[in-house]
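Notes follow once the structure below has been shown.
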Amino acid sequence: EKIKDCDSSLVDAISYGCVPIIYARGGAVEIIIDGRDGMHYQTEAELLDKTIELIDNALLYSKLSSQASKRSQFFSIECFNKRVNAILE
């Protein structure tokens, strides 16, 4: 069974400062940079470890949350239009 990512929901979530912990495959890895604006995992054990790390480390959570929110701006319509216009000029 193929799992389809819902990237627009992910961008919406990070725009509000949610810190994503995503599976290290699929389209989401192109949105979330591991250790900068979220976390990637490959095994259930890694998912558990990273979840506990975020719960226990408020400073790390705050840093990733801030970066995630900033990252979401890259996917805004305004930013998209700027990139398209730069190509067309």
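How things are named: the first chain in the structure tokens is A, the next is B, and so on; residues count from 1 in each chain; ligands count from 1 in the order shown.
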Review point. DSSP on the backbone: what in segment 6-81 of chain A comes out strand (DSSP E), as a list in words?
Key: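 Filtering segment 6-81 of chain A down to strand (DSSP E) leaves Ile21, Ile22, Tyr23, Met39, His40 and Tyr41 of chain A.
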Revision key, fill the gap. Nearest to Ser9 of chain A, restricted to only C-alpha atoms and choosing among A:Gly38, A:Ile55, A:Ser72, A:Glu30, comes out as A:Ser72
Point to revise | Minimum-distance residue to Ser62 of chain A, chosen among A:Ala28, A:Glu89, A:Asp37, A:Val11 (using only C-alpha atoms) | key: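 Of the candidates, the smallest distance to Ser62 of chain A is held by A:Asp37.
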Study note, to complete from the structure: If you count only C-alpha atoms, the residue of A:Ile21, A:Ile33, A:Asn81, A:Gly27 closest to Asp7 of chain A turns out to be A:Gly27
**Study point:** Contacts of Arg36 of chain A within 10 Å, only C-alpha atoms, excl. fewer than 6 positions in-chain, as number ranges by chain
**Key:** A: 60, 63-68, 71
Just write the chosen residues, N, CA and C atoms, as a short mmCIF file (atom, residue, chain, number, x, y, z; two decimals), in the first residue's frame.
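Saved to part-v9.cif:
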```cif
data_model
loop_
_atom_site.label_atom_id
_atom_site.label_comp_id
_atom_site.auth_asym_id
_atom_site.auth_seq_id
_atom_site.Cartn_x
_atom_site.Cartn_y
_atom_site.Cartn_z
N LEU A 60 15.21 23.09 22.53
CA LEU A 60 15.24 22.48 21.19
C LEU A 60 13.89 22.64 20.51
N LYS A 63 13.51 26.23 19.32
CA LYS A 63 14.36 26.50 18.15
C LYS A 63 13.76 25.91 16.88
N LEU A 64 13.37 24.64 16.94
CA LEU A 64 12.81 23.98 15.77
C LEU A 64 11.47 24.60 15.37
N SER A 65 10.67 24.98 16.36
CA SER A 65 9.38 25.61 16.09
C SER A 65 9.56 26.93 15.36
N SER A 66 10.48 27.74 15.82
CA SER A 66 10.76 29.02 15.18
C SER A 66 11.24 28.83 13.74
N GLN A 67 12.15 27.90 13.55
CA GLN A 67 12.68 27.63 12.21
C GLN A 67 11.61 27.04 11.30
N ALA A 68 10.74 26.20 11.85
CA ALA A 68 9.66 25.61 11.05
C ALA A 68 8.73 26.70 10.54
N ARG A 71 10.41 28.50 7.79
CA ARG A 71 10.48 27.65 6.60
C ARG A 71 9.17 27.67 5.82
#
```
Review point. Between A:Ser69, A:Asn85, A:Ser76, A:Asn57, which has the minimum distance to Ile32 of chain A (counting only C-alpha atoms)?
Key: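 The closest residue to Ile32 of chain A is A:Ser69.
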Check your understanding: Pick the closest to Ile22 of chain A from A:Leu47, A:Ile52, A:His40, A:Leu10: which is it, counting only C-alpha atoms?
Key ->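 Ranking A:Leu47, A:Ile52, A:His40, A:Leu10 by distance to Ile22 of chain A, first place goes to A:His40.
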Point to revise | Nearest to Phe75 of chain A, chosen from A:Ala24, A:Ile14, A:Val19, A:Leu54, with only C-alpha atoms counted in the distances | key: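 Of A:Ala24, A:Ile14, A:Val19, A:Leu54, the one nearest Phe75 of chain A is A:Ile14, counting only C-alpha atoms.
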Check your understanding: Between atom CA of Gly17 of chain A and atom CA of Leu48 of chain A, what is the distance, to one decimal in Å?
Key ->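 Straight-line distance from atom CA of Gly17 of chain A to atom CA of Leu48 of chain A works out to 20.4 Å.
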Check your understanding: What separation in Å, quoted to one decimal, exists between atom CA of Cys79 of chain A and atom CA of Ser8 of chain A?
Key ->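 Distance between the two atoms: 15.2 Å.
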**Study point:** Point-to-point distance from atom CA of Tyr41 of chain A to atom CA of Arg25 of chain A, Å rounded to tenths
**Key:** 9.0 Å
